[in-house]
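Structure file model-v5.cif with mmCIF, C-alpha atoms:
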data_query
loop_
_atom_site.label_atom_id
_atom_site.label_comp_id
_atom_site.auth_asym_id
_atom_site.auth_seq_id
_atom_site.Cartn_x
_atom_site.Cartn_y
_atom_site.Cartn_z
CA MET A 1 96.41 106.40 126.52
CA SER A 2 97.09 109.62 124.59
CA THR A 3 95.01 112.79 124.65
CA PRO A 4 91.93 112.51 122.44
CA ILE A 5 92.31 114.03 118.99
CA GLN A 6 89.69 116.55 117.86
CA THR A 7 88.97 116.75 114.15
CA ASP A 8 86.10 117.23 111.70
CA VAL A 9 85.91 113.77 110.19
CA ALA A 10 87.35 110.42 111.27
CA ILE A 11 87.74 108.01 108.36
CA VAL A 12 87.98 104.26 108.92
CA GLY A 13 90.04 102.80 106.08
CA ALA A 14 92.82 104.34 103.98
CA GLY A 15 92.01 102.53 100.75
CA PRO A 16 91.30 104.46 97.54
CA ILE A 17 87.87 105.59 98.72
CA GLY A 18 89.02 106.73 102.16
CA LEU A 19 91.84 108.64 100.48
CA PHE A 20 89.55 110.33 97.96
CA ALA A 21 87.18 111.26 100.79
CA VAL A 22 90.05 113.36 102.20
CA PHE A 23 90.02 115.31 98.92
CA GLU A 24 86.29 115.94 98.79
CA LEU A 25 86.16 116.87 102.49
CA GLY A 26 89.29 118.99 102.14
CA LEU A 27 87.75 121.12 99.40
CA LEU A 28 85.08 121.98 101.97
CA ASP A 29 87.72 122.83 104.61
CA LEU A 30 87.02 119.73 106.66
CA LYS A 31 90.02 118.20 108.46
CA THR A 32 90.46 114.44 108.53
CA HIS A 33 92.13 111.61 110.42
CA LEU A 34 92.36 108.16 108.85
CA VAL A 35 92.70 104.85 110.67
CA ASP A 36 93.89 101.69 108.92
CA ILE A 37 94.95 98.30 110.21
CA LEU A 38 97.54 97.97 107.44
CA ASP A 39 100.94 99.62 107.70
CA ARG A 40 100.50 101.73 104.57
CA PRO A 41 97.76 103.38 102.49
CA GLY A 42 95.94 101.75 99.57
CA GLY A 43 93.86 99.01 101.19
CA GLN A 44 93.10 96.12 98.83
CA CYS A 45 94.80 98.02 95.97
CA THR A 46 98.21 97.80 97.60
CA GLU A 47 97.71 94.69 99.74
CA LEU A 48 96.19 92.37 97.12
CA TYR A 49 97.15 93.68 93.70
CA PRO A 50 99.81 96.43 93.85
CA GLU A 51 101.25 95.32 90.49
CA LYS A 52 98.01 94.38 88.74
CA PRO A 53 96.57 96.82 86.22
CA ILE A 54 93.14 98.37 86.76
CA TYR A 55 91.40 99.44 83.54
CA ASP A 56 88.15 101.03 84.73
CA ILE A 57 89.22 104.21 86.49
CA PRO A 58 87.80 107.10 84.43
CA GLY A 59 90.57 108.99 82.69
CA LEU A 60 93.27 106.48 83.59
CA PRO A 61 93.17 103.82 80.86
CA ILE A 62 95.63 101.65 82.78
CA VAL A 63 96.90 102.07 86.31
CA THR A 64 98.19 99.57 88.88
CA GLY A 65 96.87 99.39 92.44
CA GLN A 66 100.08 100.97 93.73
CA GLU A 67 100.09 103.71 91.08
CA LEU A 68 96.47 104.64 91.80
CA THR A 69 97.27 104.86 95.50
CA ASN A 70 100.32 107.02 94.82
CA LYS A 71 98.29 109.34 92.59
CA LEU A 72 95.56 109.69 95.21
CA LEU A 73 98.18 110.48 97.88
CA ASP A 74 99.57 113.19 95.57
CA GLN A 75 96.08 114.55 94.97
CA ILE A 76 95.20 114.82 98.67
CA LYS A 77 98.60 116.06 99.86
CA PRO A 78 97.46 119.70 100.22
CA PHE A 79 94.87 118.72 102.83
CA GLY A 80 97.27 117.39 105.47
CA ALA A 81 95.26 114.39 106.57
CA GLN A 82 96.67 112.55 109.59
CA TYR A 83 97.21 108.80 109.27
CA HIS A 84 96.99 106.19 112.00
CA PHE A 85 98.46 103.05 110.42
CA ASN A 86 98.71 99.65 112.11
CA GLU A 87 95.62 100.57 114.09
CA MET A 88 92.24 98.91 113.96
CA ALA A 89 89.08 100.90 114.59
CA ALA A 90 87.84 99.08 117.67
CA GLY A 91 85.04 101.12 119.21
CA LEU A 92 82.57 103.86 118.38
CA GLU A 93 80.68 105.77 121.00
CA ARG A 94 78.37 108.79 120.97
CA LEU A 95 79.38 111.55 123.38
CA SER A 96 76.96 113.75 125.29
CA ASP A 97 77.59 116.71 122.94
CA GLY A 98 76.54 114.59 119.96
CA LYS A 99 80.03 114.06 118.62
CA TRP A 100 81.50 110.60 118.05
CA LYS A 101 84.52 109.06 119.70
CA LEU A 102 86.33 106.50 117.60
CA THR A 103 88.85 104.40 119.52
CA THR A 104 91.53 102.14 118.06
CA ASP A 105 93.13 98.97 119.38
CA ALA A 106 96.32 101.00 119.88
CA GLY A 107 94.54 103.37 122.26
CA SER A 108 94.08 106.36 119.95
CA GLU A 109 90.89 108.34 120.48
CA ILE A 110 89.51 110.51 117.70
CA ILE A 111 86.62 112.82 118.46
CA ALA A 112 84.66 114.15 115.48
CA PRO A 113 81.11 115.14 114.56
CA VAL A 114 81.31 112.84 111.52
CA VAL A 115 82.70 109.32 111.09
CA VAL A 116 83.10 107.81 107.63
CA ILE A 117 83.41 104.05 107.30
CA ALA A 118 85.41 103.32 104.14
CA ALA A 119 86.61 99.93 105.28
CA GLY A 120 86.03 97.82 102.15
CA GLY A 121 85.37 94.29 103.35
CA GLY A 122 86.61 95.03 106.85
CA SER A 123 90.04 94.49 108.38
CA PHE A 124 92.96 92.62 106.87
CA VAL A 125 93.95 89.98 109.42
CA PRO A 126 96.37 87.03 109.17
CA LYS A 127 94.97 83.82 107.70
CA ARG A 128 94.57 81.24 110.45
CA PRO A 129 95.30 77.65 109.31
CA PRO A 130 92.41 75.22 109.83
CA VAL A 131 94.26 73.30 112.55
CA PRO A 132 91.91 72.08 115.30
CA ASN A 133 92.00 74.16 118.47
CA ILE A 134 94.74 76.51 117.18
CA GLU A 135 93.17 79.44 119.06
CA ALA A 136 94.06 77.79 122.38
CA TYR A 137 97.77 78.34 121.63
CA GLU A 138 97.50 81.99 120.56
CA ASN A 139 98.48 84.94 122.81
CA LYS A 140 100.47 82.76 125.19
CA GLY A 141 103.40 85.13 125.41
CA ASP A 142 106.46 86.15 123.40
CA GLY A 143 108.43 83.37 121.77
CA VAL A 144 106.02 80.53 122.58
CA GLY A 145 102.77 79.25 121.12
CA VAL A 146 101.19 80.42 117.87
CA HIS A 147 102.20 83.77 116.35
CA TYR A 148 101.10 85.33 113.05
CA ALA A 149 103.75 88.04 113.22
CA VAL A 150 107.11 88.46 114.92
CA ARG A 151 107.32 91.53 117.11
CA LYS A 152 110.26 90.67 119.38
CA MET A 153 112.81 88.50 117.59
CA GLU A 154 114.86 88.12 120.76
CA ALA A 155 111.96 86.30 122.44
CA PHE A 156 112.54 83.39 120.06
CA ARG A 157 116.19 82.88 121.11
CA GLY A 158 116.89 79.31 122.17
CA LYS A 159 113.41 78.11 121.12
CA ASN A 160 112.34 75.29 118.84
CA ILE A 161 110.48 77.07 116.05
CA LEU A 162 108.13 75.67 113.42
CA ILE A 163 107.28 77.91 110.44
CA ALA A 164 104.65 77.11 107.79
CA GLY A 165 104.25 78.80 104.42
CA GLY A 166 106.06 79.49 101.16
CA GLY A 167 105.79 83.23 100.67
CA ASP A 168 108.17 86.06 101.52
CA SER A 169 107.19 86.29 105.19
CA ALA A 170 107.71 82.56 105.77
CA LEU A 171 111.13 82.62 104.12
CA ASP A 172 112.25 85.96 105.63
CA TRP A 173 111.46 84.80 109.16
CA THR A 174 113.07 81.43 108.53
CA ILE A 175 116.25 83.26 107.55
CA ASN A 176 116.08 85.80 110.39
CA LEU A 177 115.16 83.43 113.20
CA ALA A 178 117.38 80.46 112.27
CA PRO A 179 120.58 82.00 113.76
CA LEU A 180 119.03 82.48 117.20
CA ALA A 181 116.67 79.49 117.39
CA LYS A 182 117.55 76.22 119.09
CA SER A 183 116.06 74.57 116.02
CA LEU A 184 114.09 75.85 113.08
CA THR A 185 111.84 73.75 110.89
CA LEU A 186 110.05 75.05 107.79
CA VAL A 187 107.11 73.16 106.30
CA HIS A 188 105.40 73.90 103.00
CA HIS A 189 103.03 71.91 100.80
CA ARG A 190 105.52 71.77 97.89
CA ASP A 191 109.24 71.85 97.29
CA GLY A 192 108.98 75.26 95.67
CA PHE A 193 108.36 78.76 96.93
CA ARG A 194 106.55 81.88 95.88
CA ALA A 195 109.10 83.95 97.80
CA ALA A 196 111.86 86.04 96.20
CA LEU A 197 114.59 83.89 94.66
CA HIS A 198 117.40 85.31 96.81
CA SER A 199 115.44 84.40 99.97
CA VAL A 200 114.89 80.87 98.67
CA ASN A 201 118.62 80.56 97.94
CA GLN A 202 119.46 81.79 101.44
CA MET A 203 117.05 79.28 102.97
CA ARG A 204 118.54 76.44 100.91
CA GLU A 205 122.01 77.48 102.11
CA LEU A 206 120.86 77.37 105.76
CA GLU A 207 119.35 73.96 105.05
CA ARG A 208 122.71 72.71 103.68
CA GLU A 209 124.45 74.06 106.79
CA GLY A 210 121.98 72.14 108.95
CA LYS A 211 120.56 75.31 110.52
CA VAL A 212 117.12 74.85 108.96
CA LYS A 213 115.16 71.66 108.42
CA PHE A 214 112.69 71.74 105.53
CA HIS A 215 109.87 69.26 104.97
CA VAL A 216 107.22 69.07 102.27
CA ALA A 217 104.47 68.71 104.82
CA SER A 218 101.66 70.49 106.59
CA VAL A 219 100.62 70.94 110.21
CA LYS A 220 97.65 68.74 111.06
CA GLN A 221 97.41 69.08 114.83
CA LEU A 222 98.94 70.96 117.73
CA HIS A 223 99.78 69.42 121.09
CA GLY A 224 100.31 70.70 124.60
CA ASP A 225 98.26 71.06 127.77
CA ASN A 226 96.60 74.27 128.93
CA GLY A 227 97.64 76.23 125.87
CA LYS A 228 101.35 75.47 126.32
CA LEU A 229 102.52 74.31 122.91
CA THR A 230 104.88 71.33 122.99
CA GLY A 231 104.54 69.79 119.55
CA ALA A 232 102.74 69.41 116.25
CA THR A 233 101.64 66.52 114.10
CA LEU A 234 103.07 66.97 110.62
CA ALA A 235 102.04 65.01 107.56
CA GLY A 236 103.72 64.77 104.18
CA ALA A 237 102.15 64.43 100.75
CA ASP A 238 101.97 60.64 101.29
CA GLN A 239 99.83 61.40 104.39
CA LYS A 240 102.41 59.72 106.64
CA ALA A 241 102.25 61.63 109.91
CA TRP A 242 104.86 62.21 112.61
CA LEU A 243 105.17 64.13 115.82
CA HIS A 244 107.43 67.17 115.83
CA GLU A 245 108.47 68.87 119.06
CA THR A 246 108.24 72.66 119.04
CA ASP A 247 107.83 75.64 121.36
CA ALA A 248 106.46 78.02 118.76
CA PHE A 249 104.42 77.74 115.56
CA LEU A 250 104.47 80.61 113.07
CA PRO A 251 102.04 80.21 110.15
CA PHE A 252 102.57 82.74 107.34
CA PHE A 253 99.79 82.53 104.73
CA GLY A 254 99.20 86.21 104.16
CA LEU A 255 96.13 88.21 105.06
CA THR A 256 92.42 87.78 104.64
CA ILE A 257 89.55 90.19 105.16
CA LYS A 258 87.29 89.90 108.20
CA LEU A 259 84.63 92.43 109.07
CA GLY A 260 85.94 92.79 112.63
CA PRO A 261 84.75 95.28 115.26
CA ILE A 262 82.66 97.30 112.77
CA ALA A 263 80.04 94.60 113.29
CA GLU A 264 79.69 95.89 116.87
CA PHE A 265 79.27 99.57 115.94
CA GLY A 266 75.48 99.27 116.01
CA LEU A 267 74.97 100.19 112.35
CA ASN A 268 72.19 97.69 111.50
CA LEU A 269 74.38 95.67 109.21
CA HIS A 270 72.75 93.68 106.44
CA GLU A 271 74.85 90.72 105.24
CA ASN A 272 77.97 92.39 106.64
CA LEU A 273 77.27 95.62 104.73
CA ILE A 274 76.13 99.00 106.00
CA PRO A 275 72.84 100.14 104.46
CA VAL A 276 72.96 103.80 103.38
CA ASP A 277 70.76 106.29 101.57
CA THR A 278 71.93 107.34 98.13
CA ALA A 279 71.64 111.09 98.66
CA LYS A 280 74.18 111.36 101.46
CA PHE A 281 75.56 107.83 101.91
CA GLU A 282 74.72 108.17 105.57
CA SER A 283 73.97 105.05 107.60
CA GLN A 284 70.82 104.75 109.66
CA THR A 285 72.84 106.32 112.49
CA PRO A 286 73.08 110.10 111.93
CA GLY A 287 76.66 111.32 111.56
CA ILE A 288 77.99 107.91 110.53
CA PHE A 289 78.56 107.54 106.79
CA ALA A 290 79.62 104.50 104.79
CA ILE A 291 81.26 104.66 101.36
CA GLY A 292 82.92 102.16 99.03
CA ASP A 293 82.62 98.38 99.17
CA ILE A 294 81.30 98.34 102.75
CA ASN A 295 77.97 100.02 101.99
CA SER A 296 74.83 98.69 100.39
CA TYR A 297 71.95 100.36 98.56
CA PRO A 298 69.72 99.40 95.65
CA GLY A 299 71.86 99.17 92.52
CA LYS A 300 75.17 99.16 94.40
CA LEU A 301 78.20 98.21 92.31
CA LYS A 302 81.45 97.41 94.08
CA LEU A 303 83.60 99.58 91.83
CA ILE A 304 86.24 102.10 92.84
CA LEU A 305 84.55 104.71 90.65
CA SER A 306 81.27 104.29 92.54
CA GLY A 307 83.13 104.89 95.79
CA PHE A 308 84.53 108.17 94.45
CA HIS A 309 81.02 109.40 93.68
CA GLU A 310 79.82 108.31 97.12
CA ALA A 311 82.70 110.23 98.73
CA ALA A 312 81.70 113.45 96.96
CA LEU A 313 78.08 113.28 98.08
CA MET A 314 79.04 112.23 101.60
CA ALA A 315 81.28 115.30 101.88
CA GLN A 316 78.41 117.68 101.11
CA ALA A 317 76.30 116.15 103.88
CA ALA A 318 79.24 115.99 106.32
CA PHE A 319 79.80 119.73 105.82
CA HIS A 320 76.33 120.57 107.14
CA ILE A 321 76.94 118.46 110.25
CA CYS A 322 80.42 119.87 110.92
CA LYS A 323 79.56 123.50 110.12
CA PRO A 324 75.83 123.83 110.77
CA ASN A 325 75.86 127.62 110.62
CA GLU A 326 77.79 127.99 107.41
CA LYS A 327 76.46 128.04 103.88
CA LEU A 328 78.00 125.50 101.54
CA ARG A 329 79.35 127.22 98.45
CA PHE A 330 79.45 124.71 95.62
CA GLN A 331 82.44 125.45 93.44
CA TYR A 332 84.50 123.92 90.66
CA THR A 333 88.24 123.42 90.97
CA THR A 334 88.61 124.69 87.40
CA SER A 335 87.21 128.12 88.14
CA SER A 336 87.40 128.75 91.86
CA SER A 337 90.46 130.62 93.02
CA SER A 338 89.68 129.75 96.65
CA LEU A 339 89.67 126.01 95.84
CA GLN A 340 92.85 126.48 93.84
CA LYS A 341 94.44 128.14 96.88
CA LYS A 342 93.51 125.15 99.02
CA LEU A 343 95.07 122.91 96.40
CA GLY A 344 98.21 125.02 96.45
CA VAL A 345 98.05 125.81 92.74
CA ALA A 346 96.92 129.43 92.84
CA MET B 1 77.34 72.47 81.99
CA LYS B 2 76.93 71.59 85.64
CA ILE B 3 79.20 71.88 88.66
CA VAL B 4 78.82 69.51 91.60
CA ALA B 5 79.90 71.60 94.57
CA THR B 6 80.39 70.49 98.17
CA ASP B 7 80.40 73.16 100.86
CA ARG B 8 82.46 73.21 104.08
CA LYS B 9 79.77 71.29 105.95
CA GLY B 10 79.86 68.47 103.41
CA ALA B 11 76.54 69.31 101.74
CA GLU B 12 76.57 68.69 97.99
CA GLN B 13 74.64 70.75 95.47
CA VAL B 14 74.53 70.92 91.70
CA VAL B 15 74.85 74.40 90.22
CA GLU B 16 74.37 75.42 86.62
CA GLY B 17 77.62 76.67 85.11
CA ARG B 18 78.02 79.01 82.15
CA ASN B 19 80.62 78.43 79.49
CA GLY B 20 83.33 81.06 79.62
CA TRP B 21 82.60 82.04 83.23
CA SER B 22 85.01 81.09 85.97
CA VAL B 23 84.01 78.37 88.40
CA MET B 24 84.54 80.95 91.19
CA GLU B 25 81.91 83.26 89.68
CA ILE B 26 79.40 80.43 89.43
CA LEU B 27 79.99 79.24 93.00
CA ARG B 28 79.88 82.80 94.39
CA ASP B 29 76.71 83.72 92.52
CA ALA B 30 75.10 80.49 93.75
CA GLY B 31 75.64 81.74 97.28
CA LEU B 32 78.39 79.30 98.19
CA PRO B 33 80.91 80.65 100.72
CA VAL B 34 83.71 81.56 98.33
CA ALA B 35 85.27 84.81 99.56
CA ALA B 36 87.13 85.61 96.32
CA GLU B 37 88.45 88.76 97.96
CA CYS B 38 90.45 89.96 94.96
CA GLY B 39 87.51 89.46 92.60
CA GLY B 40 89.18 86.88 90.39
CA ALA B 41 92.64 88.37 89.83
CA CYS B 42 94.58 85.34 91.12
CA ALA B 43 95.79 87.59 93.93
CA CYS B 44 94.34 86.35 97.23
CA ALA B 45 93.86 82.53 97.28
CA THR B 46 90.44 82.84 98.95
CA CYS B 47 88.60 80.92 96.20
CA HIS B 48 90.56 77.73 96.91
CA VAL B 49 88.79 74.46 96.02
CA TYR B 50 89.68 70.78 95.88
CA VAL B 51 88.91 69.15 92.54
CA ASN B 52 87.70 65.59 93.10
CA ASP B 53 86.96 62.26 91.47
CA GLY B 54 89.47 62.39 88.63
CA TRP B 55 88.45 65.86 87.46
CA TYR B 56 91.75 67.41 88.58
CA GLU B 57 93.62 65.49 85.90
CA LYS B 58 91.20 66.64 83.20
CA LEU B 59 91.86 70.33 83.87
CA PRO B 60 94.42 72.41 82.02
CA PRO B 61 97.41 72.62 84.40
CA PRO B 62 97.70 75.67 86.67
CA SER B 63 99.76 78.64 85.48
CA ASP B 64 102.92 79.60 87.38
CA ALA B 65 100.97 82.53 88.86
CA GLU B 66 98.32 80.16 90.22
CA VAL B 67 100.92 77.73 91.62
CA ASP B 68 102.61 80.67 93.36
CA MET B 69 99.31 82.02 94.69
CA LEU B 70 98.40 78.61 96.10
CA ASP B 71 101.36 79.12 98.46
CA MET B 72 99.12 81.59 100.31
CA ALA B 73 96.17 79.17 100.52
CA LEU B 74 95.45 77.14 103.63
CA ALA B 75 95.34 73.33 103.75
CA VAL B 76 96.65 72.83 100.22
CA GLU B 77 96.35 69.28 98.86
CA PRO B 78 97.59 67.75 95.61
CA ASN B 79 94.15 68.42 94.05
CA SER B 80 94.00 72.08 95.10
CA ARG B 81 93.10 74.77 92.55
CA LEU B 82 91.99 78.39 92.63
CA SER B 83 88.46 78.39 91.26
CA CYS B 84 88.88 81.84 89.68
CA GLN B 85 91.36 80.22 87.28
CA LEU B 86 89.01 77.39 86.17
CA VAL B 87 86.91 78.28 83.15
CA CYS B 88 83.57 76.55 82.61
CA SER B 89 83.25 74.57 79.39
CA ASP B 90 81.33 71.56 78.07
CA GLU B 91 84.42 69.42 78.72
CA LEU B 92 84.04 70.19 82.44
CA ASP B 93 80.33 69.25 82.59
CA GLY B 94 79.85 67.47 85.93
CA ILE B 95 83.13 68.68 87.51
CA LYS B 96 83.25 68.00 91.24
CA VAL B 97 84.71 70.59 93.58
CA THR B 98 84.85 70.98 97.36
CA ILE B 99 85.29 74.40 98.94
CA ALA B 100 88.51 74.42 100.99
CA PRO B 101 88.53 75.49 104.63
CA GLU B 102 88.99 79.19 105.40
#
Could you render the structure as structure tokens?
Amino acid sequence: MSTPIQTDVAIVGAGPIGLFAVFELGLLDLKTHLVDILDRPGGQCTELYPEKPIYDIPGLPIVTGQELTNKLLDQIKPFGAQYHFNEMAAGLERLSDGKWKLTTDAGSEIIAPVVVIAAGGGSFVPKRPPVPNIEAYENKGDGVGVHYAVRKMEAFRGKNILIAGGGDSALDWTINLAPLAKSLTLVHHRDGFRAALHSVNQMRELEREGKVKFHVASVKQLHGDNGKLTGATLAGADQKAWLHETDAFLPFFGLTIKLGPIAEFGLNLHENLIPVDTAKFESQTPGIFAIGDINSYPGKLKLILSGFHEAALMAQAAFHICKPNEKLRFQYTTSSSSLQKKLGVA
Amino acid sequence: MKIVATDRKGAEQVVEGRNGWSVMEILRDAGLPVAAECGGACACATCHVYVNDGWYEKLPPPSDAEVDMLDMALAVEPNSRLSCQLVCSDELDGIKVTIAPE
């Protein structure tokens, strides 16, 4: 465990709203740390629709999810926010001095007087196929059982591996693991793939060489006692089923959004949303704010532009908590030389 | 037009559709458990439904984008569709759909 980090504001979620919160807080000299379970900023914008155009951002008639994220990163660059990617906000605890300690599943501890939840719908986690009892075969060690990601390739050496899916991850891991596996079988519901063409060609080549077996089929059941995976029942489009021996099963169907540990933060959730007031966007727990898709209030619209507004008002309230003895000077970036200095343009 | 929707527990209900709206919007607004995480952009596969009783064949075929996106859906069957890509119309009055497992 590392030394706890001290900052002004800990932000959960590095999507567009979490990123813009850095800007609004930065103008008020508040330092920020952001935690996100994904490996890069942008949240849904970059995970779900990086290439899709968004038409309702004021002043940007057309912008893709990735472009909007890039522009926000440019805009907040002067404020030096610290990012904790690949980390899930796992716990929130009030300390005796009134500050909050946010802990992540990677062991980071961030201590701040203000925590802002900008987590959208929650955490992006791998989709788990609806195979009965699949959980029993998860977390059974490297190279065996069910895995939704490959961390140590070497652990799969000499193993019988079953991969399911038709996207880039399924194909990439088929290509990467085939040379070291004892056997590698890929199953997908159709004889066609969403993955990049060159990956599909590589997979087909491995299939011709006999290094990969491909079936149009899906996994119906898993077998093995006490969580030790030994095989799977596969079934083709004609519903004919057969038993396939395997040590490991790697389903790759992308990510889905689950609320996750935020549900345990004690924030009086209503239908998986955090109720807030509309003056400060503070939750019913003082010092904990919620902005963007994760909050709820009368008239709420799940729009990026609403989240930007919420971030601005949140920042004003956060200032008074972080700097109780200072007077907030409301200024415009157009006219204030001190704000322009912070932005690095004066 | 009406949509006959079956939820994940097997309970059937009839919901009133609106011409021009997507089937996903109708199911979601009726409180059925359709996540539709991307909001209808054919970008997440969490509005996956099975189209039953001969209705699949009556639908306009899926676009390449929908076929590709179905690769990220779970438990895909020959009658799988993404409900955000199905547009309500009088021709679809009585369409039967079952919400796919999550």
Go ahead and compute the interatomic distance for CA of Gly158 in chain A and CA of Leu186 in chain A, in Å to one decimal.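 These two atoms are separated by 16.5 Å.
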Could you check the closest approach to Val22 in chain A for each of A:Ala81, A:Leu303, A:Leu38, A:Cys45 and tell me which residue wins, using only C-alpha atoms?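 Of A:Ala81, A:Leu303, A:Leu38, A:Cys45, the one nearest Val22 in chain A is A:Ala81, counting only C-alpha atoms.
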Target residues per the PyMOL selection byres ((chain A) within 7 of (chain B)), formatted as a ChimeraX atom specification: /A:48-49,129-130,165-167,189,194,253-254
If we count all atoms listed in the file, what is near range 203-206 of chain A at a cut-off of 12 Å, once residues fewer than 3 positions away on the same chain are taken out, given as a PyMOL selection string? chain A and resi 166+168+170-179+183-186+191-193+195-200+209-215
Would you compute the distance between CA of Arg81 in chain B and CA of Tyr56 in chain B? Give it in Å to one decimal. 8.5 Å
Near-Ile95 in chain B list (12 Å; all atoms listed in the file; drop same-chain fewer than 5 positions) as a list in words: Met1, Lys2, Ile3, Val4, Ala5, Thr6, Gln13, Val14, Val15, Glu16, Gly17, Val23, Val49, Tyr50, Val51, Asn52, Asp53, Gly54, Trp55, Tyr56, Glu57, Lys58, Leu59, Ser83, Leu86, Val87, Cys88, Ser89 and Asp90 of chain B
Can you tell me how far CA of Pro41 in chain A sits from CA of Gly344 in chain A, in Å to one decimal?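 Calculated distance between CA of Pro41 in chain A and CA of Gly344 in chain A is 22.5 Å.
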Report as an mmCIF file with C-alpha atoms, keeping the file's coordinate frame the residues that result from applying the PyMOL selection byres ((chain A and resi 50) around 8) to the structure here.
data_model
loop_
_atom_site.group_PDB
_atom_site.id
_atom_site.type_symbol
_atom_site.label_atom_id
_atom_site.label_comp_id
_atom_site.auth_asym_id
_atom_site.auth_seq_id
_atom_site.Cartn_x
_atom_site.Cartn_y
_atom_site.Cartn_z
ATOM 1 C CA CYS A 45 94.800 98.020 95.970
ATOM 2 C CA THR A 46 98.210 97.800 97.600
ATOM 3 C CA GLU A 47 97.710 94.690 99.740
ATOM 4 C CA LEU A 48 96.190 92.370 97.120
ATOM 5 C CA TYR A 49 97.150 93.680 93.700
ATOM 6 C CA GLU A 51 101.250 95.320 90.490
ATOM 7 C CA LYS A 52 98.010 94.380 88.740
ATOM 8 C CA THR A 64 98.190 99.570 88.880
ATOM 9 C CA GLY A 65 96.870 99.390 92.440
ATOM 10 C CA GLN A 66 100.080 100.970 93.730
ATOM 11 C CA GLU A 67 100.090 103.710 91.080
#
Each side padded by 6 Å, which centre and which edge lengths in Å (one decimal) define the axis-aligned box around the listed atoms of range 105-113 of chain A? Give them as lines of an AutoDock Vina configuration file.
center_x = 88.7
center_y = 107.1
center_z = 118.4
size_x = 27.2
size_y = 28.2
size_z = 19.7
Could you spell out the hits of the PyMOL selection byres ((chain A and resi 139) around 12) on the shown file, as a VMD selection string? chain A and resid 134 to 138 140 to 149 227 to 229 248 to 249
Excluding Val63 in chain A and its own-chain neighbours fewer than 4 positions away, which residues fall within 9 Å of it when counting all atoms listed in the file? Please give them as a PDB file with C-alpha atoms, keeping the file's coordinate frame.
ATOM      1  CA  LYS A  52      98.010  94.380  88.740  1.00  0.00           C
ATOM      2  CA  PRO A  53      96.570  96.820  86.220  1.00  0.00           C
ATOM      3  CA  ILE A  54      93.140  98.370  86.760  1.00  0.00           C
ATOM      4  CA  TYR A  55      91.400  99.440  83.540  1.00  0.00           C
ATOM      5  CA  ASP A  56      88.150 101.030  84.730  1.00  0.00           C
ATOM      6  CA  ILE A  57      89.220 104.210  86.490  1.00  0.00           C
ATOM      7  CA  GLU A  67     100.090 103.710  91.080  1.00  0.00           C
ATOM      8  CA  LEU A  68      96.470 104.640  91.800  1.00  0.00           C
TER       9      LEU A  68
END
Select, from B:Leu92, B:Leu82, B:Ile99, B:Ala36, the residue with the minimum atom-to-atom distance to Arg18 in chain B, counting all atoms listed in the file.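 The shortest atom-to-atom distance to Arg18 in chain B comes from B:Leu92.
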Using all atoms listed in the file, list the residues that have an atom at most 12 Å from (88.6, 108.2, 98.9), coordinates as in the file, as an MDAnalysis selection string. chainID A and resid 11:26 32 34 41:43 68:69 71:73 75:76 81 116:120 290:293 304:315
Spatial neighbours of Leu95 in chain A, 12 Å, only C-alpha atoms, chain gap at least 2 places, as a list in words: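 Result of the neighbour search: Leu92, Glu93, Asp97, Gly98, Lys99, Trp100, Lys101, Leu102, Ile110, Ile111, Ala112 and Pro113 of chain A.
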Atoms to include: C-alpha atoms. Write the selected residues as a CSV table (one decimal), keeping the file's coordinate frame.
chain,number,residue,atom,x,y,z
A,92,LEU,CA,82.6,103.9,118.4
A,93,GLU,CA,80.7,105.8,121.0
A,97,ASP,CA,77.6,116.7,122.9
A,98,GLY,CA,76.5,114.6,120.0
A,99,LYS,CA,80.0,114.1,118.6
A,100,TRP,CA,81.5,110.6,118.0
A,101,LYS,CA,84.5,109.1,119.7
A,102,LEU,CA,86.3,106.5,117.6
A,110,ILE,CA,89.5,110.5,117.7
A,111,ILE,CA,86.6,112.8,118.5
A,112,ALA,CA,84.7,114.2,115.5
A,113,PRO,CA,81.1,115.1,114.6
